[in-house]
>>> print(open('entry07.pdb').read())   # PDB, C-alpha atoms
ATOM      1  CA  MET A  22     -53.916 -45.655  42.139
ATOM      2  CA  SER A  23     -55.144 -42.176  41.185
ATOM      3  CA  SER A  24     -52.895 -42.121  38.112
ATOM      4  CA  LEU A  25     -54.325 -45.494  37.114
ATOM      5  CA  LYS A  26     -57.865 -44.198  37.483
ATOM      6  CA  LYS A  27     -56.952 -41.126  35.438
ATOM      7  CA  SER A  28     -55.471 -43.278  32.674
ATOM      8  CA  ASP A  29     -58.601 -45.454  32.703
ATOM      9  CA  LYS A  30     -60.784 -42.343  32.417
ATOM     10  CA  ASN A  31     -58.674 -41.005  29.546
ATOM     11  CA  ALA A  32     -58.992 -44.351  27.781
ATOM     12  CA  LEU A  33     -62.783 -44.276  28.201
ATOM     13  CA  ASP A  34     -62.892 -40.672  26.960
ATOM     14  CA  PHE A  35     -60.890 -41.628  23.871
ATOM     15  CA  ALA A  36     -63.106 -44.660  23.261
ATOM     16  CA  ALA A  37     -66.254 -42.512  23.518
ATOM     17  CA  TRP A  38     -64.926 -39.934  21.033
ATOM     18  CA  SER A  39     -63.693 -42.644  18.659
ATOM     19  CA  PHE A  40     -67.095 -44.352  18.791
ATOM     20  CA  ASN A  41     -68.866 -41.091  17.973
ATOM     21  CA  VAL A  42     -66.480 -40.025  15.206
ATOM     22  CA  THR A  43     -66.497 -43.462  13.554
ATOM     23  CA  THR A  44     -70.272 -43.860  13.564
ATOM     24  CA  SER A  45     -70.939 -40.220  12.578
ATOM     25  CA  VAL A  46     -68.549 -40.295   9.633
ATOM     26  CA  GLY A  47     -69.852 -43.730   8.655
ATOM     27  CA  ILE A  48     -73.489 -42.646   8.602
ATOM     28  CA  ILE A  49     -72.681 -39.526   6.575
ATOM     29  CA  MET A  50     -70.949 -41.613   3.911
ATOM     30  CA  VAL A  51     -73.778 -44.186   3.879
ATOM     31  CA  ASN A  52     -76.454 -41.483   3.700
ATOM     32  CA  LYS A  53     -74.569 -39.787   0.888
ATOM     33  CA  ALA A  54     -74.709 -43.025  -1.095
ATOM     34  CA  LEU A  55     -78.379 -43.555  -0.169
ATOM     35  CA  MET A  56     -79.479 -40.032  -1.118
ATOM     36  CA  ALA A  57     -77.129 -38.973  -3.903
ATOM     37  CA  THR A  58     -76.713 -42.334  -5.650
ATOM     38  CA  HIS A  59     -80.032 -44.050  -4.977
ATOM     39  CA  GLY A  60     -82.290 -40.981  -4.754
ATOM     40  CA  PHE A  61     -83.763 -41.428  -1.256
ATOM     41  CA  SER A  62     -84.029 -37.714  -0.427
ATOM     42  CA  PHE A  63     -86.378 -37.974   2.573
ATOM     43  CA  ALA A  64     -84.017 -36.845   5.328
ATOM     44  CA  THR A  65     -86.566 -36.152   8.079
ATOM     45  CA  THR A  66     -88.366 -39.462   7.589
ATOM     46  CA  LEU A  67     -84.995 -41.212   7.561
ATOM     47  CA  THR A  68     -84.165 -39.660  10.928
ATOM     48  CA  GLY A  69     -87.488 -40.974  12.273
ATOM     49  CA  LEU A  70     -86.495 -44.475  11.127
ATOM     50  CA  HIS A  71     -83.150 -43.993  12.857
ATOM     51  CA  PHE A  72     -84.930 -43.411  16.140
ATOM     52  CA  VAL A  73     -87.121 -46.481  15.566
ATOM     53  CA  THR A  74     -84.041 -48.716  15.485
ATOM     54  CA  THR A  75     -82.584 -46.817  18.455
ATOM     55  CA  THR A  76     -85.818 -47.443  20.371
ATOM     56  CA  LEU A  77     -85.570 -51.159  19.589
ATOM     57  CA  MET A  78     -81.995 -51.111  20.920
ATOM     58  CA  THR A  79     -83.110 -49.557  24.225
ATOM     59  CA  ILE A  80     -85.857 -52.200  24.564
ATOM     60  CA  VAL A  81     -83.348 -55.000  24.008
ATOM     61  CA  PHE A  82     -80.908 -53.464  26.501
ATOM     62  CA  ARG A  83     -83.659 -53.161  29.099
ATOM     63  CA  TRP A  84     -84.684 -56.787  28.482
ATOM     64  CA  LEU A  85     -81.054 -57.900  28.955
ATOM     65  CA  GLY A  86     -80.847 -55.934  32.200
ATOM     66  CA  LEU A  87     -78.198 -53.542  30.855
ATOM     67  CA  SER A  88     -80.464 -50.527  31.386
ATOM     68  CA  GLN A  89     -82.199 -49.897  34.700
ATOM     69  CA  PRO A  90     -85.657 -48.318  35.160
ATOM     70  CA  SER A  91     -85.488 -44.532  35.500
ATOM     71  CA  HIS A  92     -87.742 -41.502  35.616
ATOM     72  CA  LEU A  93     -87.889 -38.432  33.374
ATOM     73  CA  PRO A  94     -90.738 -35.944  33.973
ATOM     74  CA  LEU A  95     -93.105 -35.573  31.020
ATOM     75  CA  ALA A  96     -92.552 -31.799  30.850
ATOM     76  CA  ASP A  97     -88.795 -32.266  30.415
ATOM     77  CA  LEU A  98     -89.341 -35.009  27.838
ATOM     78  CA  ILE A  99     -91.669 -32.773  25.796
ATOM     79  CA  LYS A 100     -89.189 -29.875  25.870
ATOM     80  CA  PHE A 101     -86.354 -32.161  24.804
ATOM     81  CA  VAL A 102     -88.351 -33.619  21.905
ATOM     82  CA  ILE A 103     -89.369 -30.119  20.743
ATOM     83  CA  PHE A 104     -85.729 -28.930  20.777
ATOM     84  CA  SER A 105     -84.511 -32.091  19.030
ATOM     85  CA  ASN A 106     -87.157 -32.144  16.318
ATOM     86  CA  LEU A 107     -86.814 -28.412  15.650
ATOM     87  CA  SER A 108     -83.075 -29.019  15.295
ATOM     88  CA  ILE A 109     -83.555 -31.812  12.762
ATOM     89  CA  VAL A 110     -86.229 -30.057  10.722
ATOM     90  CA  GLY A 111     -84.456 -26.687  11.036
ATOM     91  CA  MET A 112     -81.164 -28.047   9.703
ATOM     92  CA  ASN A 113     -82.889 -29.725   6.758
ATOM     93  CA  VAL A 114     -84.878 -26.587   5.899
ATOM     94  CA  SER A 115     -81.800 -24.380   6.364
ATOM     95  CA  LEU A 116     -79.838 -26.513   3.915
ATOM     96  CA  MET A 117     -82.711 -26.316   1.415
ATOM     97  CA  TRP A 118     -83.298 -22.553   1.646
ATOM     98  CA  ASN A 119     -79.706 -21.306   2.092
ATOM     99  CA  SER A 120     -76.514 -21.530   0.111
ATOM    100  CA  VAL A 121     -74.087 -24.221   1.264
ATOM    101  CA  GLY A 122     -71.712 -21.520   2.507
ATOM    102  CA  PHE A 123     -74.304 -19.857   4.734
ATOM    103  CA  TYR A 124     -75.470 -23.271   5.958
ATOM    104  CA  GLN A 125     -71.892 -24.007   7.080
ATOM    105  CA  ILE A 126     -71.644 -20.611   8.811
ATOM    106  CA  ALA A 127     -74.869 -21.403  10.672
ATOM    107  CA  LYS A 128     -73.409 -24.724  11.837
ATOM    108  CA  LEU A 129     -70.318 -22.903  13.123
ATOM    109  CA  CYS A 130     -72.546 -20.543  15.112
ATOM    110  CA  MET A 131     -73.638 -23.495  17.247
ATOM    111  CA  ILE A 132     -70.370 -23.325  19.207
ATOM    112  CA  PRO A 133     -70.807 -19.687  20.375
ATOM    113  CA  ALA A 134     -74.489 -20.468  21.082
ATOM    114  CA  SER A 135     -73.522 -23.489  23.221
ATOM    115  CA  CYS A 136     -70.882 -21.413  25.032
ATOM    116  CA  LEU A 137     -73.474 -18.747  25.821
ATOM    117  CA  LEU A 138     -75.893 -21.329  27.242
ATOM    118  CA  GLU A 139     -73.180 -22.747  29.513
ATOM    119  CA  VAL A 140     -72.129 -19.267  30.678
ATOM    120  CA  VAL A 141     -75.704 -18.123  31.375
ATOM    121  CA  PHE A 142     -77.197 -21.272  32.902
ATOM    122  CA  ASP A 143     -74.174 -23.086  34.389
ATOM    123  CA  HIS A 144     -71.919 -20.068  35.097
ATOM    124  CA  VAL A 145     -69.042 -21.722  33.236
ATOM    125  CA  HIS A 146     -65.845 -19.671  32.948
ATOM    126  CA  TYR A 147     -63.494 -20.125  29.960
ATOM    127  CA  SER A 148     -59.809 -19.197  30.078
ATOM    128  CA  ARG A 149     -58.268 -17.005  27.377
ATOM    129  CA  ASP A 150     -56.496 -19.989  25.771
ATOM    130  CA  THR A 151     -59.743 -21.978  25.656
ATOM    131  CA  LYS A 152     -61.559 -19.093  23.949
ATOM    132  CA  LEU A 153     -58.714 -18.589  21.454
ATOM    133  CA  SER A 154     -58.571 -22.308  20.634
ATOM    134  CA  ILE A 155     -62.310 -22.294  19.884
ATOM    135  CA  LEU A 156     -61.761 -19.298  17.594
ATOM    136  CA  VAL A 157     -58.977 -21.152  15.752
ATOM    137  CA  VAL A 158     -61.269 -24.150  15.193
ATOM    138  CA  LEU A 159     -64.038 -21.886  13.873
ATOM    139  CA  ILE A 160     -61.654 -20.112  11.481
ATOM    140  CA  GLY A 161     -60.158 -23.392  10.261
ATOM    141  CA  VAL A 162     -63.506 -25.050   9.572
ATOM    142  CA  ALA A 163     -64.799 -21.855   7.920
ATOM    143  CA  VAL A 164     -61.765 -21.687   5.626
ATOM    144  CA  CYS A 165     -62.228 -25.259   4.378
ATOM    145  CA  THR A 166     -66.046 -25.378   4.149
ATOM    146  CA  VAL A 167     -67.470 -21.907   3.486
ATOM    147  CA  THR A 168     -67.522 -20.996  -0.199
ATOM    148  CA  ASP A 169     -70.514 -19.231  -1.700
ATOM    149  CA  VAL A 170     -72.498 -17.195   0.836
ATOM    150  CA  SER A 171     -75.921 -15.782   0.050
ATOM    151  CA  VAL A 172     -78.692 -14.967   2.520
ATOM    152  CA  ASN A 173     -82.454 -14.597   2.243
ATOM    153  CA  ALA A 174     -85.062 -13.818   4.905
ATOM    154  CA  ARG A 175     -86.683 -17.245   5.227
ATOM    155  CA  GLY A 176     -83.300 -18.977   5.072
ATOM    156  CA  LEU A 177     -81.997 -16.748   7.862
ATOM    157  CA  ILE A 178     -85.013 -17.552  10.046
ATOM    158  CA  ALA A 179     -84.548 -21.298   9.425
ATOM    159  CA  ALA A 180     -80.848 -21.029  10.277
ATOM    160  CA  VAL A 181     -81.513 -19.158  13.543
ATOM    161  CA  ILE A 182     -84.084 -21.788  14.594
ATOM    162  CA  ALA A 183     -81.687 -24.595  13.643
ATOM    163  CA  VAL A 184     -78.737 -23.111  15.549
ATOM    164  CA  TRP A 185     -80.568 -22.394  18.801
ATOM    165  CA  SER A 186     -82.640 -25.571  18.831
ATOM    166  CA  THR A 187     -79.506 -27.669  18.257
ATOM    167  CA  ALA A 188     -77.591 -25.824  20.974
ATOM    168  CA  LEU A 189     -80.524 -26.228  23.385
ATOM    169  CA  GLN A 190     -80.929 -29.924  22.532
ATOM    170  CA  GLN A 191     -77.270 -30.679  23.179
ATOM    171  CA  TYR A 192     -77.230 -28.584  26.352
ATOM    172  CA  TYR A 193     -80.356 -30.384  27.520
ATOM    173  CA  VAL A 194     -78.732 -33.816  27.026
ATOM    174  CA  HIS A 195     -76.043 -32.853  29.547
ATOM    175  CA  PHE A 196     -78.531 -31.042  31.803
ATOM    176  CA  LEU A 197     -80.964 -33.980  32.071
ATOM    177  CA  GLN A 198     -78.218 -36.520  32.678
ATOM    178  CA  ARG A 199     -76.864 -34.465  35.568
ATOM    179  CA  LYS A 200     -80.206 -33.383  37.038
ATOM    180  CA  TYR A 201     -81.878 -36.802  37.056
ATOM    181  CA  SER A 202     -78.742 -38.981  37.286
ATOM    182  CA  LEU A 203     -79.539 -40.648  33.966
ATOM    183  CA  ASN A 204     -76.968 -42.507  31.925
ATOM    184  CA  SER A 205     -77.037 -42.525  28.130
ATOM    185  CA  PHE A 206     -79.097 -45.723  27.871
ATOM    186  CA  ASN A 207     -81.712 -44.391  30.306
ATOM    187  CA  LEU A 208     -82.056 -41.047  28.537
ATOM    188  CA  LEU A 209     -82.301 -42.655  25.104
ATOM    189  CA  GLY A 210     -84.921 -45.036  26.465
ATOM    190  CA  HIS A 211     -87.097 -42.039  27.316
ATOM    191  CA  THR A 212     -86.440 -39.820  24.295
ATOM    192  CA  ALA A 213     -85.982 -42.192  21.324
ATOM    193  CA  PRO A 214     -89.586 -43.543  21.236
ATOM    194  CA  ALA A 215     -91.043 -40.020  21.430
ATOM    195  CA  GLN A 216     -88.751 -38.772  18.657
ATOM    196  CA  ALA A 217     -89.419 -41.819  16.478
ATOM    197  CA  GLY A 218     -93.188 -41.358  16.700
ATOM    198  CA  SER A 219     -93.194 -37.594  16.213
ATOM    199  CA  LEU A 220     -90.699 -37.598  13.319
ATOM    200  CA  LEU A 221     -92.458 -40.404  11.471
ATOM    201  CA  LEU A 222     -95.661 -38.399  11.875
ATOM    202  CA  VAL A 223     -94.359 -35.070  10.550
ATOM    203  CA  GLY A 224     -91.386 -36.310   8.508
ATOM    204  CA  PRO A 225     -93.231 -37.251   5.288
ATOM    205  CA  PHE A 226     -94.946 -33.843   5.213
ATOM    206  CA  VAL A 227     -91.686 -31.954   5.822
ATOM    207  CA  ASP A 228     -89.891 -34.004   3.168
ATOM    208  CA  PHE A 229     -92.695 -33.384   0.667
ATOM    209  CA  LEU A 230     -92.428 -29.637   1.386
ATOM    210  CA  LEU A 231     -88.669 -29.719   0.783
ATOM    211  CA  THR A 232     -88.458 -32.125  -2.165
ATOM    212  CA  GLY A 233     -91.906 -32.209  -3.765
ATOM    213  CA  LYS A 234     -91.775 -36.011  -3.558
ATOM    214  CA  ARG A 235     -93.761 -38.495  -1.490
ATOM    215  CA  VAL A 236     -91.862 -41.094   0.488
ATOM    216  CA  ASP A 237     -94.604 -43.684  -0.031
ATOM    217  CA  HIS A 238     -94.082 -43.390  -3.801
ATOM    218  CA  PHE A 239     -90.357 -44.176  -3.610
ATOM    219  CA  ASN A 240     -89.327 -47.306  -5.518
ATOM    220  CA  PHE A 241     -86.786 -49.213  -3.437
ATOM    221  CA  SER A 242     -84.060 -51.127  -5.198
ATOM    222  CA  SER A 243     -82.254 -53.864  -3.299
ATOM    223  CA  LEU A 244     -79.195 -51.632  -2.909
ATOM    224  CA  ALA A 245     -81.260 -48.680  -1.692
ATOM    225  CA  LEU A 246     -82.929 -50.925   0.884
ATOM    226  CA  PHE A 247     -79.516 -52.218   1.948
ATOM    227  CA  PHE A 248     -78.125 -48.699   2.481
ATOM    228  CA  LEU A 249     -81.320 -47.645   4.295
ATOM    229  CA  THR A 250     -81.020 -50.604   6.688
ATOM    230  CA  LEU A 251     -77.296 -49.973   7.187
ATOM    231  CA  SER A 252     -77.980 -46.294   7.912
ATOM    232  CA  CYS A 253     -80.571 -47.209  10.552
ATOM    233  CA  PHE A 254     -78.203 -49.597  12.314
ATOM    234  CA  ILE A 255     -75.288 -47.131  12.299
ATOM    235  CA  ALA A 256     -77.681 -44.496  13.678
ATOM    236  CA  ILE A 257     -77.956 -46.534  16.890
ATOM    237  CA  GLY A 258     -74.249 -45.915  17.476
ATOM    238  CA  VAL A 259     -74.529 -42.239  16.481
ATOM    239  CA  ASN A 260     -77.390 -41.532  18.902
ATOM    240  CA  LEU A 261     -75.866 -43.514  21.751
ATOM    241  CA  SER A 262     -72.356 -42.091  21.326
ATOM    242  CA  GLN A 263     -73.713 -38.517  21.180
ATOM    243  CA  PHE A 264     -75.394 -38.955  24.556
ATOM    244  CA  ILE A 265     -72.296 -40.649  25.997
ATOM    245  CA  CYS A 266     -69.949 -37.881  24.804
ATOM    246  CA  ILE A 267     -72.145 -34.974  25.892
ATOM    247  CA  GLY A 268     -72.763 -36.718  29.221
ATOM    248  CA  ARG A 269     -69.042 -37.223  29.835
ATOM    249  CA  PHE A 270     -67.962 -33.800  28.592
ATOM    250  CA  SER A 271     -70.256 -30.919  27.580
ATOM    251  CA  ALA A 272     -72.148 -29.602  24.564
ATOM    252  CA  VAL A 273     -69.322 -27.153  23.780
ATOM    253  CA  SER A 274     -66.615 -29.829  23.824
ATOM    254  CA  PHE A 275     -68.857 -32.049  21.711
ATOM    255  CA  GLN A 276     -69.236 -29.249  19.149
ATOM    256  CA  VAL A 277     -65.568 -28.196  19.092
ATOM    257  CA  LEU A 278     -63.971 -31.635  18.918
ATOM    258  CA  GLY A 279     -66.864 -32.821  16.772
ATOM    259  CA  HIS A 280     -65.521 -30.757  13.892
ATOM    260  CA  MET A 281     -62.934 -33.513  13.514
ATOM    261  CA  LYS A 282     -65.823 -35.290  11.801
ATOM    262  CA  THR A 283     -66.087 -32.394   9.327
ATOM    263  CA  VAL A 284     -62.405 -32.762   8.458
ATOM    264  CA  LEU A 285     -62.703 -36.548   8.098
ATOM    265  CA  VAL A 286     -65.848 -36.309   5.963
ATOM    266  CA  LEU A 287     -64.132 -33.824   3.641
ATOM    267  CA  SER A 288     -61.049 -36.047   3.413
ATOM    268  CA  LEU A 289     -63.046 -39.224   2.752
ATOM    269  CA  GLY A 290     -65.228 -37.364   0.266
ATOM    270  CA  PHE A 291     -62.177 -36.337  -1.726
ATOM    271  CA  LEU A 292     -60.826 -39.900  -1.466
ATOM    272  CA  PHE A 293     -63.963 -41.785  -2.538
ATOM    273  CA  PHE A 294     -65.999 -39.268  -4.543
ATOM    274  CA  GLY A 295     -63.285 -37.387  -6.443
ATOM    275  CA  LYS A 296     -60.877 -34.539  -5.726
ATOM    276  CA  GLU A 297     -63.037 -31.755  -7.139
ATOM    277  CA  GLY A 298     -62.820 -28.760  -4.800
ATOM    278  CA  LEU A 299     -59.604 -29.920  -3.132
ATOM    279  CA  ASN A 300     -57.129 -27.046  -3.059
ATOM    280  CA  LEU A 301     -54.527 -25.388  -0.842
ATOM    281  CA  GLN A 302     -57.174 -23.318   0.990
ATOM    282  CA  VAL A 303     -59.117 -26.446   1.986
ATOM    283  CA  VAL A 304     -55.966 -28.240   3.152
ATOM    284  CA  LEU A 305     -54.809 -25.231   5.198
ATOM    285  CA  GLY A 306     -58.283 -24.940   6.748
ATOM    286  CA  MET A 307     -58.235 -28.602   7.766
ATOM    287  CA  VAL A 308     -54.779 -28.286   9.329
ATOM    288  CA  LEU A 309     -55.791 -25.133  11.214
ATOM    289  CA  ALA A 310     -58.984 -26.787  12.503
ATOM    290  CA  VAL A 311     -57.114 -29.859  13.750
ATOM    291  CA  LEU A 312     -54.472 -27.709  15.481
ATOM    292  CA  GLY A 313     -57.274 -25.719  17.127
ATOM    293  CA  MET A 314     -58.913 -28.921  18.387
ATOM    294  CA  ILE A 315     -55.630 -30.126  19.888
ATOM    295  CA  TRP A 316     -55.153 -26.732  21.536
ATOM    296  CA  TYR A 317     -58.711 -26.783  22.880
ATOM    297  CA  GLY A 318     -58.209 -30.252  24.356
ATOM    298  CA  ASN A 319     -55.082 -29.127  26.184
ATOM    299  CA  ALA A 320     -56.383 -25.687  27.226
ATOM    300  CA  SER A 321     -59.736 -26.887  28.569
ATOM    301  CA  ALA A 322     -58.081 -29.699  30.539
ATOM    302  CA  LYS A 323     -55.792 -27.305  32.436
ATOM    303  CA  PRO A 324     -56.859 -25.911  35.822
ATOM    304  CA  GLY A 325     -59.040 -22.885  35.129
ATOM    305  CA  GLY A 326     -59.345 -23.750  31.444
ATOM    306  CA  LYS A 327     -63.045 -24.409  31.804
ATOM    307  CA  GLU A 328     -64.605 -24.181  35.245
ATOM    308  CA  ARG A 329     -68.197 -24.591  36.378
ATOM    309  CA  ARG A 330     -68.895 -21.971  39.040
ATOM    310  CA  SER A 331     -72.125 -23.622  40.264
ATOM    311  CA  VAL A 332     -73.253 -27.169  40.888
ATOM    312  CA  LEU A 333     -76.594 -28.391  39.589
ATOM    313  CA  PRO A 334     -78.498 -30.364  42.246
ATOM    314  CA  VAL A 335     -79.331 -33.901  41.233
ATOM    315  CA  ARG A 336     -82.479 -35.839  41.993
ATOM    316  CA  SER A 337     -80.820 -38.524  44.091
ATOM    317  CA  ALA A 338     -77.231 -38.729  45.233
ATOM    318  CA  SER A 339     -77.498 -42.501  45.508
ATOM    319  CA  LEU A 340     -78.041 -42.767  41.757
ATOM    320  CA  LYS A 341     -74.948 -40.834  40.716
ATOM    321  CA  GLY A 342     -72.748 -43.877  40.244
ATOM    322  CA  SER A 343     -73.100 -44.125  36.496
ATOM    323  CA  SER A 344     -69.798 -45.069  34.959
ATOM    324  CA  GLU A 345     -70.337 -42.497  32.205
ATOM    325  CA  GLU A 346     -70.561 -39.595  34.635
ATOM    326  CA  LYS A 347     -67.764 -40.341  37.065
ATOM    327  CA  GLY A 348     -64.768 -38.075  37.196
ATOM    328  CA  GLY A 349     -66.584 -34.850  37.998
ATOM    329  CA  ALA A 350     -64.458 -32.423  35.983
ATOM    330  CA  GLU A 351     -65.819 -30.838  32.832
ATOM    331  CA  LYS A 352     -63.759 -30.977  29.671
TER     332      LYS A 352
END
>>> encode(input="entry07.pdb", output="structure tokens")
Amino acid sequence: MSSLKKSDKNALDFAAWSFNVTTSVGIIMVNKALMATHGFSFATTLTGLHFVTTTLMTIVFRWLGLSQPSHLPLADLIKFVIFSNLSIVGMNVSLMWNSVGFYQIAKLCMIPASCLLEVVFDHVHYSRDTKLSILVVLIGVAVCTVTDVSVNARGLIAAVIAVWSTALQQYYVHFLQRKYSLNSFNLLGHTAPAQAGSLLLVGPFVDFLLTGKRVDHFNFSSLALFFLTLSCFIAIGVNLSQFICIGRFSAVSFQVLGHMKTVLVLSLGFLFFGKEGLNLQVVLGMVLAVLGMIWYGNASAKPGGKERRSVLPVRSASLKGSSEEKGGAEK
């Protein structure tokens, strides 16, 4: 019976990762067509629209009875929204003010930042093999993505804000789900409306600062409107699957295994948008990154591979039955 339960859990884990990878890669390809081909360069406003459709999804789920009423203190909600919005704005500004190479290095720094948060706040211990596997992933992704690297003061500040706010946001997803016994639907029901409202409020101003263009002056073609709508619907899956994956695993695992999306995006980019930039270095980097991810999956699953030395108290033990959080062990 236990082996059956373990196989069921592994199947659910695989389904969660597949859901996240598929939707994340899909939205990147759709957004690339929307922004590069059709000229909709308003990334922050677009993210606000993503959370509008996600909010509508949570309302429908609550109406259907698939999401139960839950409580999230206002102070925690405000902190989460600040971390999340700083992450979104910080990444957009970092990409605008830094070279692509330094932007990619900043993204890689999110893994060490997430590890540090888990070590400091959750007293997580990583085995030597787990640490080495993370290093292999970082090297592999760096080899295939980092090219030109130039740094300036304002770009460095934007990158630091982006890295730490993203690490804190992803840590907080896991933290809030454990502390208040919230499943992914519950947490999204609390956070998505607040993020939608705040990003739609500040998004047009941020986008004007970054692009010099006003979103209300954009002329929509039928194809641009189609890709915008498609992006918003795929974003529902991206937001939901992120919360599911971080809730089932941890922010570090989400970051490490999430670089599979980087490899897939590069591969699909070469396939659909031309093979410019494809060389032996990129291929070797991809292979190294994938091998590192496989090693991390095996190393962190072994006894002692990744252990939480303390247990966070939850609000109510009777509410801990969420199917997304059963299994106990961190990955």
>>> residues_around(input="entry07.pdb", residues="region 42-51 of chain A", least_positions_apart="2", cutoff="6 Å", atoms="only C-alpha atoms", output="NGL selection string")
:A and (39-40 or 53-54 or 252 or 258-259 or 282)
>>> resolve_selection(input="entry07.pdb", expression="the PyMOL selection byres ((chain A and resi 137) around 12)", output="number ranges by chain")
A: 130-136, 138-147, 185, 188-189, 192, 272-273
>>> write_last_selection(input="entry07.pdb", atoms="C-alpha atoms", output="PDB file, in the frame of the given file")
ATOM      1  CA  CYS A 130     -72.546 -20.543  15.112  1.00  0.00           C
ATOM      2  CA  MET A 131     -73.638 -23.495  17.247  1.00  0.00           C
ATOM      3  CA  ILE A 132     -70.370 -23.325  19.207  1.00  0.00           C
ATOM      4  CA  PRO A 133     -70.807 -19.687  20.375  1.00  0.00           C
ATOM      5  CA  ALA A 134     -74.489 -20.468  21.082  1.00  0.00           C
ATOM      6  CA  SER A 135     -73.522 -23.489  23.221  1.00  0.00           C
ATOM      7  CA  CYS A 136     -70.882 -21.413  25.032  1.00  0.00           C
ATOM      8  CA  LEU A 138     -75.893 -21.329  27.242  1.00  0.00           C
ATOM      9  CA  GLU A 139     -73.180 -22.747  29.513  1.00  0.00           C
ATOM     10  CA  VAL A 140     -72.129 -19.267  30.678  1.00  0.00           C
ATOM     11  CA  VAL A 141     -75.704 -18.123  31.375  1.00  0.00           C
ATOM     12  CA  PHE A 142     -77.197 -21.272  32.902  1.00  0.00           C
ATOM     13  CA  ASP A 143     -74.174 -23.086  34.389  1.00  0.00           C
ATOM     14  CA  HIS A 144     -71.919 -20.068  35.097  1.00  0.00           C
ATOM     15  CA  VAL A 145     -69.042 -21.722  33.236  1.00  0.00           C
ATOM     16  CA  HIS A 146     -65.845 -19.671  32.948  1.00  0.00           C
ATOM     17  CA  TYR A 147     -63.494 -20.125  29.960  1.00  0.00           C
ATOM     18  CA  TRP A 185     -80.568 -22.394  18.801  1.00  0.00           C
ATOM     19  CA  ALA A 188     -77.591 -25.824  20.974  1.00  0.00           C
ATOM     20  CA  LEU A 189     -80.524 -26.228  23.385  1.00  0.00           C
ATOM     21  CA  TYR A 192     -77.230 -28.584  26.352  1.00  0.00           C
ATOM     22  CA  ALA A 272     -72.148 -29.602  24.564  1.00  0.00           C
ATOM     23  CA  VAL A 273     -69.322 -27.153  23.780  1.00  0.00           C
TER      24      VAL A 273
END
>>> resolve_selection(input="entry07.pdb", expression="the PyMOL selection byres ((chain A and resi 104) around 9)", output="ChimeraX atom specification")
/A:99-103,105-109,185-191,193
>>> closest_residue(input="entry07.pdb", among="A:Ser115, A:Ser243, A:Val81, A:Thr66", to="Ile182 (chain A)", atoms="only C-alpha atoms")
A:Ser115
>>> residues_around(input="entry07.pdb", residues="region 85-95 of chain A", least_positions_apart="3", cutoff="9 Å", atoms="all atoms listed in the file", output="number ranges by chain")
A: 79-82, 98-100, 197, 201-204, 206-208, 210-211
>>> atom_distance(input="entry07.pdb", atom1="CA of Arg149 (chain A)", atom2="CA of Ala320 (chain A)")
8.9 Å
>>> closest_atom_pairs(input="entry07.pdb", of="region 145-226 of chain A", to="region 120-127 of chain A", cutoff="10 Å", atoms="only C-alpha atoms", output="JSON lines")
{"residue": "A:Leu159", "atom": "CA", "partner": "A:Ile126", "partner_atom": "CA", "distance": 9.2}
{"residue": "A:Val162", "atom": "CA", "partner": "A:Gln125", "partner_atom": "CA", "distance": 8.8}
{"residue": "A:Ala163", "atom": "CA", "partner": "A:Ile126", "partner_atom": "CA", "distance": 7.0}
{"residue": "A:Thr166", "atom": "CA", "partner": "A:Gln125", "partner_atom": "CA", "distance": 6.7}
{"residue": "A:Val167", "atom": "CA", "partner": "A:Gly122", "partner_atom": "CA", "distance": 4.4}
{"residue": "A:Thr168", "atom": "CA", "partner": "A:Gly122", "partner_atom": "CA", "distance": 5.0}
{"residue": "A:Asp169", "atom": "CA", "partner": "A:Gly122", "partner_atom": "CA", "distance": 4.9}
{"residue": "A:Val170", "atom": "CA", "partner": "A:Gly122", "partner_atom": "CA", "distance": 4.7}
{"residue": "A:Ser171", "atom": "CA", "partner": "A:Ser120", "partner_atom": "CA", "distance": 5.8}
{"residue": "A:Val172", "atom": "CA", "partner": "A:Phe123", "partner_atom": "CA", "distance": 6.9}
{"residue": "A:Asn173", "atom": "CA", "partner": "A:Ser120", "partner_atom": "CA", "distance": 9.4}
{"residue": "A:Gly176", "atom": "CA", "partner": "A:Ser120", "partner_atom": "CA", "distance": 8.8}
{"residue": "A:Leu177", "atom": "CA", "partner": "A:Phe123", "partner_atom": "CA", "distance": 8.9}
{"residue": "A:Ala179", "atom": "CA", "partner": "A:Ala127", "partner_atom": "CA", "distance": 9.8}
{"residue": "A:Ala180", "atom": "CA", "partner": "A:Ala127", "partner_atom": "CA", "distance": 6.0}
{"residue": "A:Val181", "atom": "CA", "partner": "A:Ala127", "partner_atom": "CA", "distance": 7.6}
{"residue": "A:Ala183", "atom": "CA", "partner": "A:Ala127", "partner_atom": "CA", "distance": 8.1}
{"residue": "A:Val184", "atom": "CA", "partner": "A:Ala127", "partner_atom": "CA", "distance": 6.5}
{"residue": "A:Trp185", "atom": "CA", "partner": "A:Ala127", "partner_atom": "CA", "distance": 10.0}
>>> write_last_selection(input="entry07.pdb", atoms="C-alpha atoms", output="tab-separated table (two decimals), keeping the file's coordinate frame")
chain	number	residue	atom	x	y	z
A	159	LEU	CA	-64.04	-21.89	13.87
A	162	VAL	CA	-63.51	-25.05	9.57
A	163	ALA	CA	-64.80	-21.86	7.92
A	166	THR	CA	-66.05	-25.38	4.15
A	167	VAL	CA	-67.47	-21.91	3.49
A	168	THR	CA	-67.52	-21.00	-0.20
A	169	ASP	CA	-70.51	-19.23	-1.70
A	170	VAL	CA	-72.50	-17.20	0.84
A	171	SER	CA	-75.92	-15.78	0.05
A	172	VAL	CA	-78.69	-14.97	2.52
A	173	ASN	CA	-82.45	-14.60	2.24
A	176	GLY	CA	-83.30	-18.98	5.07
A	177	LEU	CA	-82.00	-16.75	7.86
A	179	ALA	CA	-84.55	-21.30	9.43
A	180	ALA	CA	-80.85	-21.03	10.28
A	181	VAL	CA	-81.51	-19.16	13.54
A	183	ALA	CA	-81.69	-24.60	13.64
A	184	VAL	CA	-78.74	-23.11	15.55
A	185	TRP	CA	-80.57	-22.39	18.80
